[in-house]
file structure.pdb (PDB, C-alpha atoms)
ATOM      1  CA  MET U 823     -30.092  76.213  95.286
ATOM      2  CA  LEU U 824     -26.467  76.022  94.162
ATOM      3  CA  ALA U 825     -25.660  75.030  90.588
ATOM      4  CA  THR U 826     -23.915  71.709  90.144
ATOM      5  CA  HIS U 827     -21.320  73.132  87.768
ATOM      6  CA  THR U 828     -21.050  75.067  84.526
ATOM      7  CA  GLY U 829     -21.579  71.914  82.477
ATOM      8  CA  LEU U 830     -17.923  71.282  81.686
ATOM      9  CA  PRO U 831     -16.610  67.771  82.443
ATOM     10  CA  LEU U 832     -14.269  67.222  85.404
ATOM     11  CA  GLU U 833     -14.567  70.754  86.655
ATOM     12  CA  ALA U 834     -12.746  71.508  89.915
ATOM     13  CA  GLY U 835     -14.068  74.187  92.237
ATOM     14  CA  LEU U 836     -11.339  76.189  94.013
ATOM     15  CA  ASP U 837     -11.498  78.343  97.124
ATOM     16  CA  GLU U 838      -9.148  79.513  99.855
ATOM     17  CA  ALA U 839      -9.350  80.140 103.582
ATOM     18  CA  GLY U 840      -7.309  82.329 105.878
ATOM     19  CA  ARG U 841      -6.484  85.189 103.579
ATOM     20  CA  GLY U 842      -7.414  87.855 106.139
ATOM     21  CA  CYS U 843      -5.570  86.294 109.079
ATOM     22  CA  LEU U 844      -2.602  87.619 111.019
ATOM     23  CA  ALA U 845      -1.131  84.165 111.680
ATOM     24  CA  GLY U 846      -0.878  80.752 110.120
ATOM     25  CA  PRO U 847      -0.749  79.500 106.547
ATOM     26  CA  VAL U 848      -3.337  80.152 103.870
ATOM     27  CA  PHE U 849      -5.162  77.016 102.718
ATOM     28  CA  ALA U 850      -6.954  76.221  99.472
ATOM     29  CA  ALA U 851      -9.003  73.265  98.310
ATOM     30  CA  ALA U 852      -9.865  71.865  94.906
ATOM     31  CA  VAL U 853     -12.961  69.673  94.610
ATOM     32  CA  ILE U 854     -14.458  67.768  91.674
ATOM     33  CA  LEU U 855     -18.029  66.735  92.489
ATOM     34  CA  PRO U 856     -20.366  64.295  90.805
ATOM     35  CA  PRO U 857     -23.441  66.010  89.289
ATOM     36  CA  SER U 858     -25.719  64.271  91.791
ATOM     37  CA  PHE U 859     -23.964  65.678  94.883
ATOM     38  CA  ALA U 860     -26.452  68.068  96.515
ATOM     39  CA  PRO U 861     -26.496  67.936 100.328
ATOM     40  CA  PRO U 862     -29.033  70.457 101.653
ATOM     41  CA  LEU U 863     -26.518  72.136 103.999
ATOM     42  CA  LEU U 864     -23.908  72.868 101.331
ATOM     43  CA  ARG U 865     -23.200  76.563 100.806
ATOM     44  CA  ASP U 866     -20.420  79.103 101.364
ATOM     45  CA  SER U 867     -18.540  77.979 104.485
ATOM     46  CA  LYS U 868     -18.829  81.465 106.002
ATOM     47  CA  GLN U 869     -22.608  80.941 106.170
ATOM     48  CA  LEU U 870     -22.256  77.652 108.050
ATOM     49  CA  SER U 871     -21.610  76.956 111.710
ATOM     50  CA  ALA U 872     -18.441  75.085 112.679
ATOM     51  CA  ARG U 873     -20.620  72.035 113.412
ATOM     52  CA  GLN U 874     -22.253  72.181 109.975
ATOM     53  CA  ARG U 875     -18.844  72.441 108.294
ATOM     54  CA  GLU U 876     -17.611  69.442 110.299
ATOM     55  CA  LEU U 877     -20.685  67.445 109.222
ATOM     56  CA  LEU U 878     -20.120  68.309 105.564
ATOM     57  CA  ARG U 879     -16.378  67.656 105.434
ATOM     58  CA  PRO U 880     -16.467  63.810 105.607
ATOM     59  CA  LEU U 881     -19.431  63.749 103.216
ATOM     60  CA  ILE U 882     -17.548  65.875 100.671
ATOM     61  CA  CYS U 883     -14.395  63.769 101.080
ATOM     62  CA  ALA U 884     -16.344  60.517 100.643
ATOM     63  CA  GLU U 885     -18.579  61.586  97.750
ATOM     64  CA  ALA U 886     -16.294  63.820  95.667
ATOM     65  CA  VAL U 887     -14.867  62.437  92.450
ATOM     66  CA  ALA U 888     -11.585  63.950  93.699
ATOM     67  CA  TRP U 889     -10.462  66.501  96.263
ATOM     68  CA  ALA U 890      -7.198  67.926  97.573
ATOM     69  CA  VAL U 891      -5.976  70.645  99.909
ATOM     70  CA  GLY U 892      -2.921  72.867  99.450
ATOM     71  CA  GLU U 893      -1.309  75.503 101.607
ATOM     72  CA  ALA U 894       1.236  78.299 101.542
ATOM     73  CA  SER U 895       3.284  79.023 104.646
ATOM     74  CA  GLU U 896       3.662  82.245 106.576
ATOM     75  CA  GLU U 897       7.147  82.636 105.041
ATOM     76  CA  GLU U 898       5.730  82.253 101.535
ATOM     77  CA  ILE U 899       2.997  84.771 102.353
ATOM     78  CA  GLY U 900       5.680  87.218 103.520
ATOM     79  CA  ALA U 901       7.855  86.645 100.444
ATOM     80  CA  LEU U 902       5.119  86.663  97.803
ATOM     81  CA  ASN U 903       2.178  88.650  99.320
ATOM     82  CA  ILE U 904      -1.124  87.151 100.408
ATOM     83  CA  ALA U 905      -2.763  87.160  96.968
ATOM     84  CA  GLN U 906       0.136  85.328  95.290
ATOM     85  CA  ALA U 907       0.416  82.906  98.228
ATOM     86  CA  SER U 908      -3.319  82.161  97.893
ATOM     87  CA  TYR U 909      -2.820  81.329  94.210
ATOM     88  CA  LEU U 910       0.159  79.140  95.164
ATOM     89  CA  ALA U 911      -2.009  77.232  97.658
ATOM     90  CA  MET U 912      -4.672  76.802  94.938
ATOM     91  CA  HIS U 913      -2.070  75.564  92.459
ATOM     92  CA  ARG U 914      -0.816  73.064  95.050
ATOM     93  CA  ALA U 915      -4.365  71.827  95.651
ATOM     94  CA  VAL U 916      -4.918  71.296  91.908
ATOM     95  CA  ALA U 917      -1.542  69.537  91.565
ATOM     96  CA  ALA U 918      -2.486  67.187  94.432
ATOM     97  CA  LEU U 919      -5.741  66.062  92.791
ATOM     98  CA  PRO U 920      -5.556  62.384  91.815
ATOM     99  CA  ILE U 921      -7.485  63.221  88.619
ATOM    100  CA  ALA U 922      -6.551  66.171  86.422
ATOM    101  CA  PRO U 923      -9.538  68.487  85.976
ATOM    102  CA  ALA U 924     -10.464  69.817  82.561
ATOM    103  CA  HIS U 925     -11.498  73.204  83.948
ATOM    104  CA  LEU U 926     -11.049  75.241  87.128
ATOM    105  CA  LEU U 927     -13.943  77.204  88.618
ATOM    106  CA  VAL U 928     -12.289  79.742  90.938
ATOM    107  CA  ASP U 929     -13.990  81.755  93.665
ATOM    108  CA  GLY U 930     -13.131  85.438  93.280
ATOM    109  CA  ASN U 931     -12.240  87.882  90.562
ATOM    110  CA  ARG U 932      -8.549  87.012  90.071
ATOM    111  CA  PHE U 933      -6.412  83.941  89.633
ATOM    112  CA  ARG U 934      -2.868  83.335  88.458
ATOM    113  CA  PRO U 935      -3.294  80.960  85.487
ATOM    114  CA  LEU U 936      -1.997  77.451  85.969
ATOM    115  CA  ASN U 937      -0.317  75.934  82.905
ATOM    116  CA  GLY U 938      -2.524  73.438  81.151
ATOM    117  CA  PHE U 939      -5.757  74.435  82.898
ATOM    118  CA  ALA U 940      -8.546  76.648  81.600
ATOM    119  CA  HIS U 941     -10.221  78.589  84.384
ATOM    120  CA  THR U 942     -13.175  80.844  85.103
ATOM    121  CA  CYS U 943     -13.248  83.288  88.008
ATOM    122  CA  VAL U 944     -16.631  83.770  89.684
ATOM    123  CA  VAL U 945     -17.173  86.528  92.237
ATOM    124  CA  GLY U 946     -19.224  85.008  95.048
ATOM    125  CA  GLY U 947     -18.752  81.586  93.475
ATOM    126  CA  ASP U 948     -18.921  79.845  96.845
ATOM    127  CA  GLY U 949     -22.562  80.938  96.976
ATOM    128  CA  LEU U 950     -23.292  79.898  93.380
ATOM    129  CA  TYR U 951     -21.546  76.592  92.630
ATOM    130  CA  ARG U 952     -21.484  73.418  94.693
ATOM    131  CA  SER U 953     -17.892  72.564  93.801
ATOM    132  CA  ILE U 954     -16.663  75.949  95.031
ATOM    133  CA  ALA U 955     -18.829  75.728  98.163
ATOM    134  CA  ALA U 956     -17.370  72.266  98.847
ATOM    135  CA  ALA U 957     -13.842  73.644  98.338
ATOM    136  CA  SER U 958     -14.716  76.471 100.726
ATOM    137  CA  VAL U 959     -15.768  73.959 103.400
ATOM    138  CA  LEU U 960     -12.630  71.843 103.002
ATOM    139  CA  ALA U 961     -10.233  74.802 102.967
ATOM    140  CA  LYS U 962     -11.871  76.271 106.073
ATOM    141  CA  THR U 963     -12.056  73.037 108.082
ATOM    142  CA  PHE U 964      -8.511  71.940 107.273
ATOM    143  CA  ARG U 965      -7.168  75.399 108.107
ATOM    144  CA  ASP U 966      -9.178  75.616 111.350
ATOM    145  CA  GLU U 967      -7.827  72.197 112.315
ATOM    146  CA  ARG U 968      -4.255  73.427 111.731
ATOM    147  CA  MET U 969      -4.851  76.586 113.745
ATOM    148  CA  ALA U 970      -6.298  74.562 116.640
ATOM    149  CA  ALA U 971      -3.121  72.427 116.622
ATOM    150  CA  LEU U 972      -0.945  75.554 116.559
ATOM    151  CA  SER U 973      -2.996  76.976 119.419
ATOM    152  CA  ARG U 974      -1.754  74.164 121.639
ATOM    153  CA  LYS U 975       1.812  75.441 121.070
ATOM    154  CA  PHE U 976       0.819  79.105 121.438
ATOM    155  CA  PRO U 977      -2.242  79.063 123.755
ATOM    156  CA  ALA U 978      -2.188  82.769 124.645
ATOM    157  CA  TYR U 979      -3.368  83.815 121.163
ATOM    158  CA  GLY U 980      -6.690  81.943 121.110
ATOM    159  CA  TRP U 981      -6.214  80.472 117.636
ATOM    160  CA  ALA U 982      -8.546  77.568 118.386
ATOM    161  CA  GLN U 983     -11.310  80.173 118.625
ATOM    162  CA  ASN U 984     -10.180  82.979 116.282
ATOM    163  CA  ALA U 985      -8.205  80.878 113.716
ATOM    164  CA  GLY U 986      -5.636  83.663 113.508
ATOM    165  CA  TYR U 987      -8.070  86.371 112.417
ATOM    166  CA  PRO U 988      -7.525  89.897 113.792
ATOM    167  CA  THR U 989      -9.937  89.773 116.712
ATOM    168  CA  ALA U 990      -9.570  92.135 119.674
ATOM    169  CA  ALA U 991      -8.430  89.231 121.875
ATOM    170  CA  HIS U 992      -5.818  88.145 119.320
ATOM    171  CA  ARG U 993      -4.426  91.677 119.031
ATOM    172  CA  ALA U 994      -4.396  92.025 122.839
ATOM    173  CA  ALA U 995      -2.347  88.808 123.057
ATOM    174  CA  ILE U 996       0.123  90.155 120.482
ATOM    175  CA  ARG U 997       0.466  93.348 122.546
ATOM    176  CA  ALA U 998       0.989  91.345 125.744
ATOM    177  CA  HIS U 999       3.261  88.567 124.417
ATOM    178  CA  GLY U1000       4.644  89.796 121.099
ATOM    179  CA  PRO U1001       4.365  87.969 117.772
ATOM    180  CA  THR U1002       5.135  84.261 117.352
ATOM    181  CA  PRO U1003       7.057  82.619 114.506
ATOM    182  CA  ARG U1004       3.614  81.697 113.097
ATOM    183  CA  HIS U1005       2.555  85.339 112.694
ATOM    184  CA  ARG U1006       2.793  86.552 109.122
ATOM    185  CA  PRO U1007       5.858  88.657 108.314
ATOM    186  CA  GLY U1008       5.052  92.087 106.935
ATOM    187  CA  PHE U1009       1.463  92.093 108.238
ATOM    188  CA  ARG U1010       0.356  94.958 110.464
ATOM    189  CA  LEU U1011      -0.334  92.987 113.614
ATOM    190  CA  LEU U1012      -1.516  95.867 115.819
TER     191      LEU U1012
END

call {"tool": "encode", "arguments": {"input": "structure.pdb", "output": "structure tokens"}}
result
Amino acid sequence: MLATHTGLPLEAGLDEAGRGCLAGPVFAAAVILPPSFAPPLLRDSKQLSARQRELLRPLICAEAVAWAVGEASEEEIGALNIAQASYLAMHRAVAALPIAPAHLLVDGNRFRPLNGFAHTCVVGGDGLYRSIAAASVLAKTFRDERMAALSRKFPAYGWAQNAGYPTAAHRAAIRAHGPTPRHRPGFRLL
């Protein structure tokens, strides 16, 4: 059973999706949940099927006190590095929240502090706290949706199935067709 939160008021869970990909932006979500929000399926998005994530997404969006998604582009990833671009996407998600949180609960062991916001990093937080698990689901589903749209422009790379991750089929497509403008600059693609 995931914990509701650490007990601090207006706590936003933060998580990212797409950090290990070869193509596409990195997404992050910030979610403030009411204490009563406890759907039985909710857990780390990596432990859920695509169908389960799609069932949870509208529930999270409807029931959250506030939620927002941010992203950092492939160009920003190339200019900053993937870790800094992930923090940028998280900062953008927090800035887009319609309610300012009092505290940020961040999945992982590092975070670039955001002025005016106290934060706590939690390794494996998406498996411990509902707000981070909800952020994990939103970041993943919004990013997968973007990659499916990009796949229609670049169908040879299979992004609707692999979401830009370094699968054998994705690497084979890069070998056969070369990189696209949506591949991340500076990443070892092959």

call {"tool": "atom_distance", "arguments": {"input": "structure.pdb", "atom1": "atom CA of Asp966 of chain U", "atom2": "atom CA of Ser908 of chain U"}}
result
16.1 Å

call {"tool": "atom_distance", "arguments": {"input": "structure.pdb", "atom1": "atom CA of Ala884 of chain U", "atom2": "atom CA of Ala970 of chain U"}}
result
23.5 Å

call {"tool": "closest_atom_pairs", "arguments": {"input": "structure.pdb", "of": "segment 925-982 of chain U", "to": "segment 851-855 of chain U", "cutoff": "6 Å", "atoms": "all atoms listed in the file", "output": "Markdown table"}}
result
| residue | atom | partner | partner_atom | distance |
| --- | --- | --- | --- | --- |
| U:Ser953 | CA | U:Val853 | CA | 5.8 |
| U:Ala957 | CA | U:Ala851 | CA | 4.9 |
| U:Ala961 | CA | U:Ala851 | CA | 5.1 |

call {"tool": "closest_residue", "arguments": {"input": "structure.pdb", "among": "U:Tyr979, U:Trp889, U:Phe849, U:Phe939", "to": "Ala924 of chain U", "atoms": "only C-alpha atoms"}}
result
U:Phe939

call {"tool": "closest_residue", "arguments": {"input": "structure.pdb", "among": "U:Ala872, U:Leu877, U:Cys883, U:Ile904", "to": "Gly840 of chain U", "atoms": "all atoms listed in the file"}}
result
U:Ile904

call {"tool": "decode", "arguments": {"input": "structure.pdb", "residues": "segment 895-916 of chain U", "atoms": "N, CA and C atoms", "output": "compact mmCIF listing (two decimals), in the first residue's frame"}}
result
# COMPACT_ATOMS: atom_id res chain seq x y z
N SER U 895 12.85 19.67 -24.53
CA SER U 895 13.02 19.21 -25.91
C SER U 895 14.34 18.46 -26.11
N GLU U 896 14.42 17.84 -27.26
CA GLU U 896 15.66 17.14 -27.64
C GLU U 896 16.83 18.13 -27.69
N GLU U 897 16.58 19.34 -28.18
CA GLU U 897 17.64 20.36 -28.24
C GLU U 897 18.10 20.75 -26.83
N GLU U 898 17.14 20.89 -25.92
CA GLU U 898 17.51 21.22 -24.53
C GLU U 898 18.26 20.07 -23.89
N ILE U 899 17.87 18.84 -24.19
CA ILE U 899 18.59 17.67 -23.67
C ILE U 899 20.03 17.70 -24.17
N GLY U 900 20.21 17.99 -25.46
CA GLY U 900 21.55 18.06 -26.04
C GLY U 900 22.39 19.18 -25.45
N ALA U 901 21.77 20.32 -25.18
CA ALA U 901 22.50 21.48 -24.65
C ALA U 901 22.82 21.35 -23.17
N LEU U 902 21.91 20.76 -22.41
CA LEU U 902 22.06 20.74 -20.95
C LEU U 902 22.62 19.43 -20.41
N ASN U 903 22.24 18.32 -20.93
CA ASN U 903 22.43 16.91 -20.57
C ASN U 903 21.09 16.40 -20.05
N ILE U 904 20.92 15.11 -20.04
CA ILE U 904 19.61 14.53 -19.73
C ILE U 904 19.17 14.78 -18.29
N ALA U 905 20.11 14.77 -17.35
CA ALA U 905 19.74 15.01 -15.96
C ALA U 905 19.21 16.44 -15.79
N GLN U 906 19.94 17.42 -16.31
CA GLN U 906 19.52 18.82 -16.17
C GLN U 906 18.23 19.09 -16.93
N ALA U 907 18.06 18.45 -18.09
CA ALA U 907 16.82 18.60 -18.86
C ALA U 907 15.64 17.98 -18.09
N SER U 908 15.87 16.87 -17.39
CA SER U 908 14.82 16.28 -16.57
C SER U 908 14.40 17.23 -15.46
N TYR U 909 15.36 17.88 -14.81
CA TYR U 909 15.04 18.85 -13.77
C TYR U 909 14.26 20.03 -14.37
N LEU U 910 14.66 20.46 -15.57
CA LEU U 910 13.97 21.55 -16.25
C LEU U 910 12.51 21.17 -16.51
N ALA U 911 12.28 19.96 -16.98
CA ALA U 911 10.91 19.49 -17.22
C ALA U 911 10.13 19.47 -15.90
N MET U 912 10.77 19.04 -14.81
CA MET U 912 10.10 19.04 -13.50
C MET U 912 9.78 20.45 -13.06
N HIS U 913 10.72 21.37 -13.24
CA HIS U 913 10.48 22.77 -12.86
C HIS U 913 9.30 23.33 -13.66
N ARG U 914 9.25 23.00 -14.96
CA ARG U 914 8.14 23.48 -15.79
C ARG U 914 6.80 22.91 -15.32
N ALA U 915 6.81 21.65 -14.91
CA ALA U 915 5.57 21.04 -14.40
C ALA U 915 5.11 21.76 -13.13
N VAL U 916 6.04 22.02 -12.21
CA VAL U 916 5.68 22.73 -10.97
C VAL U 916 5.17 24.13 -11.30
